[in-house]
>>> print(open('structure-v7.txt').read())   # compact mmCIF, N, CA and C atoms
# COMPACT_ATOMS: atom_id res chain seq x y z
N VAL A 703 3.87 11.50 -59.31
CA VAL A 703 2.43 11.31 -59.43
C VAL A 703 1.95 12.16 -60.61
N PRO A 704 1.34 11.55 -61.60
CA PRO A 704 0.88 12.31 -62.77
C PRO A 704 -0.23 13.30 -62.42
N PRO A 705 -0.29 14.42 -63.14
CA PRO A 705 -1.38 15.38 -62.91
C PRO A 705 -2.74 14.71 -63.09
N GLY A 706 -3.68 15.12 -62.27
CA GLY A 706 -5.03 14.56 -62.35
C GLY A 706 -5.23 13.29 -61.55
N THR A 707 -4.17 12.78 -60.92
CA THR A 707 -4.27 11.58 -60.10
C THR A 707 -5.08 11.88 -58.85
N ARG A 708 -6.01 11.00 -58.50
CA ARG A 708 -6.81 11.16 -57.29
C ARG A 708 -6.33 10.14 -56.26
N LEU A 709 -6.02 10.63 -55.08
CA LEU A 709 -5.61 9.77 -53.97
C LEU A 709 -6.55 10.02 -52.80
N GLN A 710 -7.04 8.96 -52.22
CA GLN A 710 -7.87 9.11 -51.03
C GLN A 710 -6.95 9.12 -49.82
N GLY A 711 -7.10 10.11 -48.98
CA GLY A 711 -6.24 10.25 -47.81
C GLY A 711 -7.03 10.53 -46.56
N ARG A 712 -6.28 10.82 -45.50
CA ARG A 712 -6.89 11.09 -44.20
C ARG A 712 -6.18 12.29 -43.58
N VAL A 713 -6.94 13.26 -43.15
CA VAL A 713 -6.37 14.44 -42.46
C VAL A 713 -6.12 14.05 -41.01
N GLU A 714 -4.88 14.24 -40.58
CA GLU A 714 -4.49 13.91 -39.21
C GLU A 714 -4.52 15.13 -38.29
N ASN A 715 -4.21 16.30 -38.87
CA ASN A 715 -4.08 17.49 -38.04
C ASN A 715 -4.32 18.72 -38.90
N LEU A 716 -4.77 19.78 -38.27
CA LEU A 716 -5.05 21.03 -38.95
C LEU A 716 -4.41 22.15 -38.15
N SER A 717 -3.66 23.04 -38.83
CA SER A 717 -3.03 24.15 -38.12
C SER A 717 -3.39 25.46 -38.80
N ASP A 718 -2.79 26.55 -38.36
CA ASP A 718 -3.12 27.88 -38.90
C ASP A 718 -2.84 27.99 -40.40
N GLY A 719 -1.80 27.36 -40.88
CA GLY A 719 -1.43 27.54 -42.28
C GLY A 719 -1.41 26.29 -43.11
N GLY A 720 -1.83 25.18 -42.54
CA GLY A 720 -1.75 23.95 -43.31
C GLY A 720 -2.40 22.77 -42.63
N LEU A 721 -2.04 21.60 -43.12
CA LEU A 721 -2.61 20.38 -42.55
C LEU A 721 -1.65 19.22 -42.73
N LEU A 722 -1.87 18.20 -41.93
CA LEU A 722 -1.09 16.97 -41.94
C LEU A 722 -1.98 15.88 -42.50
N VAL A 723 -1.52 15.23 -43.58
CA VAL A 723 -2.36 14.28 -44.31
C VAL A 723 -1.60 12.98 -44.52
N VAL A 724 -2.30 11.85 -44.38
CA VAL A 724 -1.75 10.55 -44.73
C VAL A 724 -2.33 10.16 -46.08
N LEU A 725 -1.45 9.85 -47.03
CA LEU A 725 -1.85 9.40 -48.36
C LEU A 725 -1.30 8.00 -48.59
N PRO A 726 -1.91 7.22 -49.48
CA PRO A 726 -1.48 5.84 -49.69
C PRO A 726 -0.09 5.71 -50.31
N GLN A 727 0.43 6.78 -50.89
CA GLN A 727 1.77 6.75 -51.46
C GLN A 727 2.43 8.10 -51.26
N ALA A 728 3.76 8.13 -51.32
CA ALA A 728 4.49 9.38 -51.15
C ALA A 728 4.33 10.26 -52.38
N VAL A 729 4.07 11.53 -52.13
CA VAL A 729 3.99 12.53 -53.18
C VAL A 729 5.11 13.53 -52.89
N PRO A 730 5.92 13.88 -53.89
CA PRO A 730 7.09 14.70 -53.63
C PRO A 730 6.76 16.12 -53.17
N PRO A 731 7.65 16.70 -52.36
CA PRO A 731 7.50 18.10 -51.96
C PRO A 731 7.41 19.00 -53.19
N ARG A 732 6.76 20.15 -53.01
CA ARG A 732 6.52 21.17 -54.02
C ARG A 732 5.43 20.76 -55.02
N THR A 733 4.77 19.62 -54.78
CA THR A 733 3.64 19.23 -55.62
C THR A 733 2.41 19.97 -55.14
N ARG A 734 1.68 20.58 -56.07
CA ARG A 734 0.43 21.26 -55.73
C ARG A 734 -0.70 20.25 -55.76
N VAL A 735 -1.57 20.32 -54.76
CA VAL A 735 -2.68 19.39 -54.63
C VAL A 735 -3.97 20.14 -54.30
N SER A 736 -5.09 19.49 -54.55
CA SER A 736 -6.39 20.00 -54.14
C SER A 736 -6.95 19.04 -53.10
N VAL A 737 -7.34 19.57 -51.96
CA VAL A 737 -7.92 18.77 -50.89
C VAL A 737 -9.43 18.95 -50.97
N ALA A 738 -10.14 17.86 -51.19
CA ALA A 738 -11.59 17.93 -51.36
C ALA A 738 -12.28 16.93 -50.46
N GLY A 739 -13.46 17.29 -50.05
CA GLY A 739 -14.31 16.38 -49.29
C GLY A 739 -15.20 15.61 -50.25
N PRO A 740 -16.16 14.90 -49.71
CA PRO A 740 -17.09 14.15 -50.58
C PRO A 740 -17.95 15.12 -51.40
N ALA A 741 -18.39 14.65 -52.57
CA ALA A 741 -19.15 15.50 -53.50
C ALA A 741 -20.42 16.07 -52.86
N TRP A 742 -21.06 15.31 -51.97
CA TRP A 742 -22.31 15.77 -51.37
C TRP A 742 -22.12 16.95 -50.42
N LEU A 743 -20.88 17.25 -50.07
CA LEU A 743 -20.61 18.34 -49.12
C LEU A 743 -20.71 19.72 -49.80
N PHE A 744 -20.60 19.79 -51.11
CA PHE A 744 -20.75 21.03 -51.88
C PHE A 744 -19.81 22.13 -51.43
N LEU A 745 -18.56 21.79 -51.13
CA LEU A 745 -17.54 22.79 -50.78
C LEU A 745 -16.46 22.78 -51.85
N PRO A 746 -15.91 23.95 -52.16
CA PRO A 746 -14.83 23.96 -53.15
C PRO A 746 -13.58 23.31 -52.57
N PRO A 747 -12.75 22.71 -53.43
CA PRO A 747 -11.50 22.12 -52.93
C PRO A 747 -10.56 23.21 -52.42
N VAL A 748 -9.69 22.84 -51.51
CA VAL A 748 -8.70 23.75 -50.95
C VAL A 748 -7.37 23.46 -51.65
N GLU A 749 -6.77 24.49 -52.21
CA GLU A 749 -5.49 24.33 -52.90
C GLU A 749 -4.36 24.37 -51.87
N ALA A 750 -3.41 23.46 -52.02
CA ALA A 750 -2.29 23.37 -51.08
C ALA A 750 -1.04 22.89 -51.81
N GLU A 751 0.09 22.99 -51.13
CA GLU A 751 1.35 22.50 -51.66
C GLU A 751 1.99 21.58 -50.63
N ILE A 752 2.52 20.47 -51.09
CA ILE A 752 3.21 19.55 -50.18
C ILE A 752 4.57 20.14 -49.84
N VAL A 753 4.83 20.28 -48.54
CA VAL A 753 6.08 20.87 -48.06
C VAL A 753 7.09 19.77 -47.73
N TRP A 754 6.62 18.70 -47.12
CA TRP A 754 7.50 17.58 -46.77
C TRP A 754 6.71 16.28 -46.80
N THR A 755 7.45 15.18 -46.92
CA THR A 755 6.86 13.84 -46.97
C THR A 755 7.68 12.89 -46.11
N ARG A 756 6.99 12.04 -45.36
CA ARG A 756 7.65 10.97 -44.60
C ARG A 756 6.99 9.66 -45.03
N ASP A 757 7.75 8.82 -45.71
CA ASP A 757 7.22 7.58 -46.25
C ASP A 757 7.08 6.52 -45.16
N ASN A 758 6.22 5.53 -45.42
CA ASN A 758 6.01 4.39 -44.52
C ASN A 758 5.57 4.80 -43.13
N PHE A 759 4.59 5.66 -43.06
CA PHE A 759 4.05 6.11 -41.77
C PHE A 759 3.17 5.01 -41.19
N GLN A 760 3.67 4.34 -40.20
CA GLN A 760 2.94 3.27 -39.51
C GLN A 760 2.29 2.29 -40.50
N LYS A 761 2.95 2.03 -41.61
CA LYS A 761 2.49 1.08 -42.64
C LYS A 761 1.13 1.44 -43.22
N GLU A 762 0.65 2.65 -42.96
CA GLU A 762 -0.65 3.09 -43.48
C GLU A 762 -0.49 3.95 -44.73
N GLY A 763 0.72 4.29 -45.08
CA GLY A 763 0.96 5.18 -46.21
C GLY A 763 2.04 6.17 -45.87
N ALA A 764 2.01 7.31 -46.54
CA ALA A 764 3.02 8.34 -46.35
C ALA A 764 2.39 9.57 -45.70
N LEU A 765 3.12 10.14 -44.76
CA LEU A 765 2.68 11.33 -44.05
C LEU A 765 3.16 12.55 -44.83
N HIS A 766 2.29 13.55 -45.00
CA HIS A 766 2.61 14.75 -45.76
C HIS A 766 2.25 16.01 -44.99
N GLY A 767 3.15 16.98 -45.01
CA GLY A 767 2.86 18.30 -44.47
C GLY A 767 2.46 19.21 -45.62
N LEU A 768 1.28 19.78 -45.55
CA LEU A 768 0.76 20.63 -46.62
C LEU A 768 0.62 22.07 -46.15
N ARG A 769 0.93 22.99 -47.03
CA ARG A 769 0.75 24.43 -46.78
C ARG A 769 -0.40 24.90 -47.65
N VAL A 770 -1.37 25.56 -47.03
CA VAL A 770 -2.53 26.08 -47.77
C VAL A 770 -2.08 27.25 -48.64
N LEU A 771 -2.48 27.23 -49.92
CA LEU A 771 -2.12 28.27 -50.87
C LEU A 771 -3.32 29.20 -51.07
N ALA A 772 -3.52 30.11 -50.16
CA ALA A 772 -4.67 31.01 -50.29
C ALA A 772 -4.34 32.34 -49.63
N ASP A 773 -4.93 33.39 -50.19
CA ASP A 773 -4.77 34.71 -49.58
C ASP A 773 -5.58 34.80 -48.29
N GLU A 774 -6.71 34.10 -48.30
CA GLU A 774 -7.58 34.10 -47.12
C GLU A 774 -7.49 32.73 -46.45
N THR A 775 -6.41 32.49 -45.74
CA THR A 775 -6.17 31.20 -45.12
C THR A 775 -7.29 30.83 -44.15
N GLY A 776 -7.85 31.79 -43.44
CA GLY A 776 -8.94 31.50 -42.49
C GLY A 776 -10.13 30.87 -43.18
N LYS A 777 -10.48 31.38 -44.35
CA LYS A 777 -11.60 30.84 -45.11
C LYS A 777 -11.29 29.41 -45.56
N GLU A 778 -10.07 29.18 -46.01
CA GLU A 778 -9.68 27.85 -46.45
C GLU A 778 -9.70 26.86 -45.28
N LEU A 779 -9.21 27.29 -44.13
CA LEU A 779 -9.21 26.40 -42.96
C LEU A 779 -10.62 26.11 -42.48
N PHE A 780 -11.52 27.08 -42.62
CA PHE A 780 -12.92 26.84 -42.30
C PHE A 780 -13.47 25.73 -43.20
N THR A 781 -13.13 25.80 -44.49
CA THR A 781 -13.57 24.77 -45.44
C THR A 781 -13.02 23.41 -45.05
N ILE A 782 -11.74 23.35 -44.71
CA ILE A 782 -11.13 22.07 -44.30
C ILE A 782 -11.81 21.56 -43.04
N GLY A 783 -12.10 22.46 -42.09
CA GLY A 783 -12.80 22.07 -40.87
C GLY A 783 -14.16 21.46 -41.18
N ALA A 784 -14.86 22.07 -42.14
CA ALA A 784 -16.18 21.53 -42.53
C ALA A 784 -16.03 20.15 -43.15
N ILE A 785 -14.98 19.96 -43.94
CA ILE A 785 -14.71 18.64 -44.53
C ILE A 785 -14.48 17.62 -43.41
N LEU A 786 -13.66 17.98 -42.44
CA LEU A 786 -13.35 17.07 -41.33
C LEU A 786 -14.61 16.75 -40.53
N ARG A 787 -15.43 17.77 -40.24
CA ARG A 787 -16.64 17.52 -39.45
C ARG A 787 -17.59 16.58 -40.19
N SER A 788 -17.56 16.60 -41.51
CA SER A 788 -18.45 15.72 -42.27
C SER A 788 -18.09 14.25 -42.05
N PHE A 789 -16.83 13.98 -41.73
CA PHE A 789 -16.39 12.61 -41.50
C PHE A 789 -16.43 12.20 -40.04
N PHE A 790 -16.18 13.15 -39.14
CA PHE A 790 -16.03 12.80 -37.73
C PHE A 790 -17.14 13.35 -36.86
N GLY A 791 -18.13 14.01 -37.47
CA GLY A 791 -19.30 14.51 -36.77
C GLY A 791 -18.97 15.36 -35.63
>>> encode(input="structure-v7.txt", output="structure tokens")
Amino acid sequence: VPPGTRLQGRVENLSDGGLLVVLPQAVPPRTRVSVAGPAWLFLPPVEAEIVWTRDNFQKEGALHGLRVLADETGKELFTIGAILRSFFG
């Protein structure tokens, strides 16, 4: 995946140090990504690294395990939680 590529995905799960995301295509492990919500949410993107990928997840795309790259993981997970709440109320 070339740098600067934007992929719309779906967060499936959130844990203490990362998140589980479905993307429309497989992105290789060790790729650094930014997880962002919609522009109107006014939250900074969360930097993460793809740890593993499972392609063809229920024909919806590829499942990815991401590790949050932050010194203050709690703050980053709060941001991700706010992103999720914006979609699922």
>>> residues_near_point(input="structure-v7.txt", point="(-8.0, 9.1, -51.8)", cutoff="10 Å", atoms="only C-alpha atoms", output="list in words")
Thr707, Arg708, Leu709, Gln710, Gly711, Arg712, Val724, Leu725, Pro726, Val737, Ala738 and Gly739 of chain A
>>> axis_aligned_box(input="structure-v7.txt", around="stretch 707-722 of chain A", padding_each_side="4 Å", output="JSON")
{"center_x": -4.5, "center_y": 18.5, "center_z": -49.5, "size_x": 14.8, "size_y": 27.0, "size_z": 30.9}
>>> closest_residue(input="structure-v7.txt", among="A:Pro705, A:Ser736, A:Ile752, A:Pro747", to="A:Ala764", atoms="only C-alpha atoms")
A:Ile752
>>> atom_distance(input="structure-v7.txt", atom1="atom CA of A:Leu768", atom2="atom CA of A:Val753")
5.5 Å
>>> residues_around(input="structure-v7.txt", residues="A:Val713", least_positions_apart="3", cutoff="7 Å", atoms="all atoms listed in the file", output="MDAnalysis selection string")
chainID A and resid 716 721:724
>>> atom_distance(input="structure-v7.txt", atom1="atom N of A:Arg734", atom2="atom CA of A:Ala750")
7.0 Å
>>> atom_distance(input="structure-v7.txt", atom1="atom N of A:Pro730", atom2="atom CA of A:Ala772")
20.5 Å
>>> closest_residue(input="structure-v7.txt", among="A:Ala728, A:Ala741, A:Val748, A:Val735", to="A:Leu765", atoms="only N, CA and C atoms")
A:Ala728
>>> closest_residue(input="structure-v7.txt", among="A:Glu749, A:Thr733, A:Arg756, A:Val703", to="A:Val770", atoms="only C-alpha atoms")
A:Glu749
